[in-house]
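The file protein_13.txt comes next; it holds compact mmCIF, C-alpha atoms and all ligand atoms.
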# COMPACT_ATOMS: atom_id res chain seq x y z
CA MET A 1 58.78 14.46 5.99
CA VAL A 2 57.10 17.35 4.20
CA TYR A 3 55.81 14.88 1.63
CA PHE A 4 54.39 12.71 4.40
CA VAL A 5 52.62 15.64 6.07
CA LYS A 6 51.13 16.73 2.72
CA ALA A 7 49.97 13.20 1.92
CA LEU A 8 48.35 12.94 5.33
CA ALA A 9 46.60 16.28 4.89
CA LYS A 10 45.27 15.13 1.49
CA LEU A 11 44.01 11.91 2.99
CA ARG A 12 42.24 13.77 5.77
CA GLN A 13 40.65 16.08 3.23
CA ALA A 14 39.46 13.11 1.15
CA GLU A 15 38.03 11.50 4.27
CA ARG A 16 36.28 14.71 5.23
CA ARG A 17 34.77 15.00 1.74
CA ALA A 18 33.57 11.39 1.82
CA ARG A 19 31.93 11.89 5.22
CA GLU A 20 30.34 15.12 4.10
CA ALA A 21 29.05 13.50 0.89
CA GLU A 22 27.53 10.67 2.91
CA ARG A 23 25.91 13.09 5.34
CA LEU A 24 24.50 15.15 2.48
CA ALA A 25 23.15 12.08 0.70
CA TYR A 26 21.32 11.13 3.89
CA LEU A 27 20.07 14.67 4.35
CA GLY A 28 18.96 14.75 0.71
CA SER A 29 16.85 11.62 0.99
CA LEU A 30 15.28 12.77 4.26
CA ALA A 31 14.58 16.15 2.71
CA GLY A 32 12.89 14.59 -0.31
CA GLY A 33 10.43 12.72 1.92
CA LEU A 34 9.79 15.63 4.22
CA ALA A 35 9.32 18.08 1.36
CA HIS A 36 6.75 15.82 -0.22
CA GLU A 37 4.80 15.68 3.05
CA ILE A 38 4.88 19.45 3.44
CA LYS A 39 4.39 20.47 -0.17
CA ASN A 40 0.92 19.00 -0.67
CA PRO A 41 -0.79 20.53 2.38
CA LEU A 42 0.94 23.81 1.56
CA SER A 43 -0.46 23.90 -1.93
CA THR A 44 -3.92 23.05 -0.56
CA LEU A 45 -3.59 26.02 1.79
CA HIS A 46 -2.38 28.20 -1.06
CA MET A 47 -5.29 27.25 -3.31
CA ASN A 48 -8.01 27.60 -0.70
CA LEU A 49 -6.73 30.94 0.52
CA GLN A 50 -6.85 32.15 -3.06
CA LEU A 51 -10.45 30.96 -3.42
CA LEU A 52 -11.44 32.64 -0.13
CA ASP A 53 -9.73 35.82 -1.28
CA GLU A 54 -11.70 35.78 -4.54
CA ASP A 55 -15.02 35.18 -2.71
CA LEU A 56 -14.44 37.96 -0.19
CA ARG A 57 -13.53 40.44 -2.88
CA LYS A 58 -17.12 40.14 -4.16
CA SER A 59 -18.48 41.35 -0.81
CA GLU A 60 -18.71 44.99 0.23
CA SER A 61 -19.01 44.43 3.97
CA LYS A 62 -16.59 45.74 6.62
CA HIS A 63 -16.06 42.21 7.87
CA ALA A 64 -15.01 41.10 4.44
CA ARG A 65 -12.39 43.85 4.22
CA ARG A 66 -10.92 42.82 7.58
CA ASP A 67 -10.91 39.16 6.58
CA LEU A 68 -9.24 40.04 3.30
CA SER A 69 -6.33 41.66 5.08
CA ARG A 70 -5.97 38.62 7.34
CA ILE A 71 -5.97 36.39 4.31
CA ALA A 72 -3.29 38.53 2.72
CA VAL A 73 -1.10 37.90 5.77
CA LEU A 74 -1.75 34.16 5.59
CA ARG A 75 -0.99 34.05 1.88
CA GLY A 76 2.26 35.90 2.49
CA GLU A 77 3.27 33.36 5.13
CA VAL A 78 2.36 30.42 2.91
CA ARG A 79 4.44 31.92 0.11
CA ARG A 80 7.34 32.31 2.51
CA LEU A 81 7.09 28.68 3.59
CA GLU A 82 7.05 27.59 -0.04
CA GLU A 83 10.17 29.64 -0.70
CA VAL A 84 11.97 28.24 2.35
CA LEU A 85 11.11 24.74 1.17
CA GLU A 86 12.37 25.44 -2.36
CA ASP A 87 15.62 26.97 -1.05
CA PHE A 88 16.19 24.00 1.19
CA LEU A 89 15.55 21.54 -1.62
CA ARG A 90 17.93 23.42 -3.90
CA TYR A 91 20.57 22.99 -1.22
CA ALA A 92 19.85 19.41 -0.17
CA ARG A 93 18.81 17.68 -3.38
CA ARG A 94 21.33 15.37 -4.95
CA HIS A 95 22.21 16.43 -8.42
CA GLN A 96 23.68 14.42 -11.19
CA LEU A 97 26.22 16.79 -12.69
CA GLU A 98 25.99 17.24 -16.44
CA LEU A 99 29.63 17.80 -17.18
CA LYS A 100 30.89 19.45 -20.34
CA LYS A 101 34.22 21.00 -21.21
CA GLN A 102 33.63 24.73 -21.01
CA ASN A 103 35.31 28.05 -20.66
CA VAL A 104 34.48 29.40 -17.20
CA ASN A 105 34.83 32.97 -18.56
CA ASP A 106 31.68 32.39 -20.64
CA ILE A 107 29.72 31.20 -17.60
CA LEU A 108 30.87 34.21 -15.59
CA ASP A 109 29.95 36.51 -18.47
CA GLU A 110 26.38 35.28 -18.32
CA VAL A 111 26.13 35.72 -14.55
CA LEU A 112 27.65 39.21 -14.61
CA ASP A 113 25.54 40.33 -17.60
CA PHE A 114 22.49 39.24 -15.66
CA MET A 115 23.56 41.22 -12.57
CA THR A 116 24.76 44.37 -14.33
CA PRO A 117 21.50 46.34 -14.75
CA GLU A 118 20.45 45.98 -11.10
CA ALA A 119 24.00 46.51 -9.83
CA SER A 120 24.62 49.67 -11.83
CA GLN A 121 21.31 51.05 -10.63
CA GLY A 122 22.62 50.60 -7.10
CA GLY A 123 25.93 52.29 -7.93
CA VAL A 124 27.93 49.05 -8.14
CA ARG A 125 30.43 48.88 -10.98
CA ILE A 126 31.27 45.43 -12.26
CA SER A 127 34.65 44.90 -13.91
CA ARG A 128 36.10 41.78 -15.45
CA GLY A 129 39.73 40.79 -15.56
CA PHE A 130 39.41 37.53 -17.43
CA ALA A 131 42.43 35.52 -18.57
CA PRO A 132 42.16 35.38 -22.39
CA GLY A 133 43.60 31.89 -22.70
CA LEU A 134 41.73 30.30 -19.81
CA GLN A 135 41.87 26.51 -19.85
CA SER A 136 38.53 24.77 -20.27
CA ALA A 137 37.18 22.91 -17.27
CA LEU A 138 34.81 19.98 -17.07
CA VAL A 139 31.77 21.60 -15.45
CA ASP A 140 28.01 21.66 -15.13
CA ALA A 141 27.37 25.20 -16.37
CA GLY A 142 23.86 25.43 -14.91
CA ARG A 143 24.94 24.42 -11.41
CA LEU A 144 28.06 26.57 -11.53
CA LYS A 145 26.02 29.57 -12.59
CA GLN A 146 23.93 29.13 -9.45
CA ALA A 147 27.07 29.05 -7.30
CA PHE A 148 28.57 32.15 -8.93
CA LEU A 149 25.26 33.97 -8.74
CA ASN A 150 25.02 33.37 -4.99
CA ILE A 151 28.52 34.82 -4.50
CA VAL A 152 27.83 37.81 -6.74
CA ILE A 153 24.48 38.56 -5.07
CA ASN A 154 26.21 38.57 -1.67
CA ALA A 155 28.82 40.99 -3.00
CA ARG A 156 26.09 43.25 -4.34
CA GLN A 157 24.24 43.14 -1.00
CA ALA A 158 27.46 44.00 0.86
CA MET A 159 27.62 47.30 -1.07
CA PRO A 160 24.28 49.00 -0.35
CA ASP A 161 25.82 52.42 -1.05
CA GLY A 162 27.62 51.34 -4.19
CA GLY A 163 31.14 50.14 -4.85
CA GLU A 164 33.01 47.83 -7.14
CA LEU A 165 32.89 44.15 -7.93
CA ILE A 166 35.94 42.84 -9.73
CA VAL A 167 36.01 39.33 -11.12
CA HIS A 168 39.39 37.87 -12.12
CA THR A 169 40.13 34.55 -13.73
CA ARG A 170 43.51 32.94 -14.23
CA ASN A 171 45.20 29.67 -15.06
CA VAL A 172 46.88 28.01 -12.10
CA PRO A 173 48.55 24.59 -11.82
CA ASN A 174 45.95 21.86 -12.46
CA GLY A 175 43.03 24.25 -12.73
CA VAL A 176 41.51 27.68 -12.99
CA GLN A 177 41.10 30.25 -10.27
CA ILE A 178 38.32 32.79 -10.01
CA GLU A 179 38.36 35.75 -7.61
CA PHE A 180 35.28 37.75 -6.69
CA ILE A 181 36.50 40.94 -5.05
CA ASP A 182 34.10 43.48 -3.59
CA THR A 183 34.58 46.79 -1.84
CA GLY A 184 31.74 46.12 0.57
CA THR A 185 31.28 45.94 4.32
CA GLY A 186 33.59 43.00 4.90
CA ILE A 187 32.78 40.22 7.39
CA SER A 188 33.31 40.61 11.12
CA ASP A 189 35.53 38.20 13.10
CA GLU A 190 32.40 37.13 14.92
CA ASP A 191 30.48 36.20 11.75
CA LEU A 192 33.38 34.75 9.77
CA PRO A 193 33.41 31.25 11.33
CA HIS A 194 29.68 30.88 10.59
CA ILE A 195 29.26 32.09 7.01
CA TRP A 196 29.38 28.53 5.57
CA ASP A 197 26.81 27.25 8.06
CA VAL A 198 23.39 26.34 6.74
CA TYR A 199 20.88 29.03 7.80
CA PHE A 200 23.47 31.49 9.09
CA SER A 201 22.60 34.97 7.90
CA SER A 202 23.44 38.45 9.13
CA LYS A 203 20.69 39.89 6.92
CA GLN A 204 17.10 40.60 7.89
CA THR A 205 15.67 38.77 4.92
CA GLY A 206 18.49 36.29 4.29
CA THR A 207 17.88 32.57 4.36
CA GLY A 208 21.53 31.69 4.89
CA LEU A 209 21.69 29.06 2.18
CA GLY A 210 23.56 31.05 -0.49
CA LEU A 211 27.12 30.25 0.52
CA PRO A 212 26.58 26.66 1.70
CA THR A 213 24.89 25.98 -1.66
CA ALA A 214 27.73 27.65 -3.59
CA ARG A 215 30.31 25.68 -1.66
CA ARG A 216 28.45 22.44 -2.16
CA ILE A 217 28.29 22.97 -5.93
CA ILE A 218 31.98 23.84 -6.12
CA GLU A 219 32.92 20.80 -4.05
CA GLU A 220 30.75 18.63 -6.29
CA HIS A 221 33.16 19.78 -9.00
CA GLU A 222 36.02 18.81 -6.68
CA GLY A 223 36.95 22.45 -6.42
CA THR A 224 37.53 24.67 -3.40
CA ILE A 225 36.31 28.04 -2.18
CA ARG A 226 37.88 30.30 0.42
CA VAL A 227 37.39 33.81 1.70
CA ASP A 228 39.59 36.75 2.69
CA THR A 229 37.94 39.75 4.20
CA GLU A 230 38.55 43.00 6.02
CA VAL A 231 35.84 44.92 7.81
CA GLY A 232 35.19 48.25 6.11
CA LYS A 233 37.35 47.36 3.10
CA GLY A 234 35.81 44.41 1.37
CA THR A 235 35.82 40.72 0.71
CA CYS A 236 37.41 38.34 -1.75
CA PHE A 237 36.04 34.87 -2.47
CA THR A 238 38.55 32.67 -4.30
CA VAL A 239 37.29 29.64 -6.19
CA PHE A 240 39.50 26.90 -7.59
CA LEU A 241 38.18 24.48 -10.21
CA PRO A 242 40.31 21.58 -11.37
CA THR A 243 40.94 21.08 -15.09
CA LYS A 244 43.01 17.88 -14.94
CA GLU A 245 41.38 14.48 -15.28
CA SER A 246 42.94 13.33 -11.96
CA LYS A 247 40.98 15.98 -10.13
CA ASN A 248 41.99 14.91 -6.66
CA ASP A 249 45.59 15.93 -7.25
CA THR A 250 44.94 19.51 -6.23
N1 LIG B 1 30.63 39.45 -0.05
C1 LIG B 1 30.23 39.48 1.22
N2 LIG B 1 30.46 40.58 1.98
C2 LIG B 1 30.07 40.62 3.27
N3 LIG B 1 29.45 39.62 3.93
C3 LIG B 1 29.21 38.50 3.22
C4 LIG B 1 29.57 38.36 1.85
N4 LIG B 1 29.22 37.14 1.43
C5 LIG B 1 28.64 36.54 2.49
N5 LIG B 1 28.63 37.34 3.57
C6 LIG B 1 28.12 37.00 4.91
O1 LIG B 1 27.84 35.61 4.95
C7 LIG B 1 26.50 35.39 5.36
C8 LIG B 1 25.98 34.13 4.73
O2 LIG B 1 25.82 34.30 3.33
P1 LIG B 1 24.73 33.43 2.56
O3 LIG B 1 24.78 33.81 1.13
O4 LIG B 1 24.92 32.00 2.91
O5 LIG B 1 23.37 33.87 3.23
P2 LIG B 1 22.56 35.24 3.04
O6 LIG B 1 23.13 36.02 1.90
O7 LIG B 1 22.49 35.91 4.36
O8 LIG B 1 21.11 34.71 2.67
P3 LIG B 1 20.67 34.06 1.26
O9 LIG B 1 21.87 33.98 0.38
O10 LIG B 1 20.16 32.70 1.62
O11 LIG B 1 19.63 34.98 0.75
C9 LIG B 1 25.77 36.65 4.99
O12 LIG B 1 24.61 36.84 5.76
C10 LIG B 1 26.83 37.71 5.26
O13 LIG B 1 26.89 38.00 6.65
MG MG B 2 23.44 35.16 0.05
Show this structure as structure tokens.
Ligand SMILES: Nc1ncnc2c1ncn2[C@@H]1O[C@H](COP(=O)(O)OP(=O)(O)OP(=O)(O)O)[C@@H](O)[C@H]1O
Ligand SMILES: [Mg+2]
Amino acid sequence: MVYFVKALAKLRQAERRAREAERLAYLGSLAGGLAHEIKNPLSTLHMNLQLLDEDLRKSESKHARRDLSRIAVLRGEVRRLEEVLEDFLRYARRHQLELKKQNVNDILDEVLDFMTPEASQGGVRISRGFAPGLQSALVDAGRLKQAFLNIVINARQAMPDGGELIVHTRNVPNGVQIEFIDTGTGISDEDLPHIWDVYFSSKQTGTGLGLPTARRIIEEHEGTIRVDTEVGKGTCFTVFLPTKESKNDT
């Protein structure tokens, strides 16, 4: 009976993944077309605004100064649109994973080394509890770095007054587990159901693509990601990456 229930749950999960993959493939191809249509006029705007800006800078008139500040606003908005487009494409594009057997500790080291200067300036201590004999996993290091970076940046942003980010790795059956533990704000009950949604953000300048992108990359590796959190105490994101060839057996 228990076996049957487990098998059914696995089947449902596989079905869900297949549906999601199909949906994302569709979204990806739509996005490609749309992005192409938007990108060219945007770069025309970008270029012409720059030319206008250069022309107006040569003039001393009051009008020119006023126009310059308007152009600055327009250029800022164009830049923002370009960024939104890039973020969306990063999320929606289909990637062919370049898989290699690697030690996840090394990938994490790179991400954390990159974050350390900015984090320590903001009073965030980063500590590593890496398993010395971590099994290698078949991963796309570049893609995985992006996923880890998104999680680590969120942790950093959740600790505006400083705190601690602890990253643990360990061997578990059929894979490796990574925990990202922060002592930040935590996530409210109200926000929690939405954090994986595309474009959900509780931040003023957030796009809301960080976590959906991270999750997508981890699921492309047939891994999982989950969250535990307590308001005022902190948050822990737990990632599982399979190491066995029969990756679906997790
Ligand atoms: N470690 C964390 N601590 C507290 N809240 C978090 C943490 N990680 C994610 N969140 C919550 O989940 C939301 C979604 O995160 P996500 O990374 O997708 O978007 P974002 O960080 O708001 O914007 P972006 O990553 O696109 O710049 C965040 O706005 C925040 O409310
Ligand atoms: Mg984020």
Check your understanding: Around (25.6, 29.5, -2.1) in the file's frame, which residues reach within 9 Å when counting all atoms listed in the file? Return as a PyMOL selection string?
Key -> chain A and resi 91+146-151+196+208-217
Could you please extract the residues within 9 Å of ligand LIG 1 (chain B), counting all atoms listed in the file, and hand them back as a compact mmCIF listing (two decimals) with C-alpha atoms, in the coordinates of the input?
# COMPACT_ATOMS: atom_id res chain seq x y z
CA ASP A 87 15.62 26.97 -1.05
CA ASN A 150 25.02 33.37 -4.99
CA ILE A 151 28.52 34.82 -4.50
CA VAL A 152 27.83 37.81 -6.74
CA ILE A 153 24.48 38.56 -5.07
CA ASN A 154 26.21 38.57 -1.67
CA ALA A 155 28.82 40.99 -3.00
CA ARG A 156 26.09 43.25 -4.34
CA GLN A 157 24.24 43.14 -1.00
CA ALA A 158 27.46 44.00 0.86
CA MET A 159 27.62 47.30 -1.07
CA PHE A 180 35.28 37.75 -6.69
CA ILE A 181 36.50 40.94 -5.05
CA ASP A 182 34.10 43.48 -3.59
CA THR A 183 34.58 46.79 -1.84
CA GLY A 184 31.74 46.12 0.57
CA THR A 185 31.28 45.94 4.32
CA GLY A 186 33.59 43.00 4.90
CA ILE A 187 32.78 40.22 7.39
CA SER A 188 33.31 40.61 11.12
CA ASP A 191 30.48 36.20 11.75
CA LEU A 192 33.38 34.75 9.77
CA HIS A 194 29.68 30.88 10.59
CA ILE A 195 29.26 32.09 7.01
CA TRP A 196 29.38 28.53 5.57
CA ASP A 197 26.81 27.25 8.06
CA VAL A 198 23.39 26.34 6.74
CA TYR A 199 20.88 29.03 7.80
CA PHE A 200 23.47 31.49 9.09
CA SER A 201 22.60 34.97 7.90
CA SER A 202 23.44 38.45 9.13
CA LYS A 203 20.69 39.89 6.92
CA GLN A 204 17.10 40.60 7.89
CA THR A 205 15.67 38.77 4.92
CA GLY A 206 18.49 36.29 4.29
CA THR A 207 17.88 32.57 4.36
CA GLY A 208 21.53 31.69 4.89
CA LEU A 209 21.69 29.06 2.18
CA GLY A 210 23.56 31.05 -0.49
CA LEU A 211 27.12 30.25 0.52
CA PRO A 212 26.58 26.66 1.70
CA THR A 213 24.89 25.98 -1.66
CA ALA A 214 27.73 27.65 -3.59
CA VAL A 227 37.39 33.81 1.70
CA THR A 229 37.94 39.75 4.20
CA VAL A 231 35.84 44.92 7.81
CA GLY A 234 35.81 44.41 1.37
CA THR A 235 35.82 40.72 0.71
CA CYS A 236 37.41 38.34 -1.75
CA PHE A 237 36.04 34.87 -2.47
Could you put an axis-aligned box around every listed atom of stretch 172-189 of chain A, padded by 6 Å on each side, and send me its centre and edge lengths in Å to one decimal, as JSON?
{"center_x": 39.9, "center_y": 34.3, "center_z": 0.1, "size_x": 29.3, "size_y": 36.9, "size_z": 38.1}
Point to revise | Distance of atom CA of A:Met115 from atom CA of A:Thr169, expressed in Å to one decimal place | key: 17.9 Å
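When atom CA of A:Asn171 is paired with atom CA of A:Arg143, their separation reads 21.2 Å.
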Check your understanding: Rounded to one decimal in Å, what is the spacing between atom CA of A:Glu98 and atom CA of A:Leu138?
Key ->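 Going from atom CA of A:Glu98 over to atom CA of A:Leu138, I get 9.3 Å.
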Review point. Using only C-alpha atoms, which residue out of A:Glu179, A:Glu110, A:Glu37, A:Asp189 lies closest to A:Glu230?
Key: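 The shortest atom-to-atom distance to A:Glu230 comes from A:Asp189.
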Exercise for review: Please provide the set of residues having any atom within 12 Å of A:Asn48, restricted to only C-alpha atoms, with same-chain residues fewer than 5 positions apart removed, written as a list in words.
Suggested key: Pro41, Leu42, Ser43, Asp53, Glu54, Asp55, Ile71, Leu74, Arg75 and Val78 of chain A
Exercise for review: Give me the residues within 10 Å of A:Gly32 as a ChimeraX atom specification, counting all atoms listed in the file and dropping any in the same chain fewer than 2 places off.
Suggested key: /A:27-30,34-37,89,92-94
Practice item. Please identify all polymer residues within 8 Å of stretch 121-126 of chain A, counting all atoms listed in the file, omitting same-chain residues fewer than 4 positions from it, and present them as a ChimeraX atom specification. Key: /A:112,116-117,156,159-167
Point to revise | Nearest to A:Leu85, chosen from A:Val2, A:Ile38, A:Val239, A:Ile218, with all atoms listed in the file counted in the distances | key: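 So, comparing all the options, the nearest one is A:Ile38.
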Exercise for review: Could you give me, as an MDAnalysis selection string, the residues that sit within 9 Å of (26.2, 32.3, -17.0) in the file's coordinates, counting only C-alpha atoms?
Suggested key: chainID A and resid 104:114 141:142 144:146 148:149
Export stretch 167-187 of chain A, C-alpha atoms, as a compact mmCIF listing (two decimals), in the first residue's frame; it's the structure right above.
# COMPACT_ATOMS: atom_id res chain seq x y z
CA VAL A 167 26.19 27.09 3.21
CA HIS A 168 26.28 23.35 3.98
CA THR A 169 26.80 20.48 1.61
CA ARG A 170 26.38 16.79 2.33
CA ASN A 171 26.05 13.42 0.68
CA VAL A 172 22.54 11.98 0.82
CA PRO A 173 21.11 8.83 -0.80
CA ASN A 174 21.31 9.17 -4.61
CA GLY A 175 22.62 12.72 -4.55
CA VAL A 176 24.02 15.75 -2.83
CA GLN A 177 22.19 18.25 -0.68
CA ILE A 178 23.01 21.93 -0.34
CA GLU A 179 21.55 24.20 2.33
CA PHE A 180 21.63 27.98 2.16
CA ILE A 181 20.79 29.26 5.63
CA ASP A 182 20.42 32.96 6.36
CA THR A 183 19.60 34.90 9.49
CA GLY A 184 17.50 37.40 7.59
CA THR A 185 13.95 38.69 7.69
CA GLY A 186 12.27 35.39 6.87
CA ILE A 187 9.25 35.14 4.56
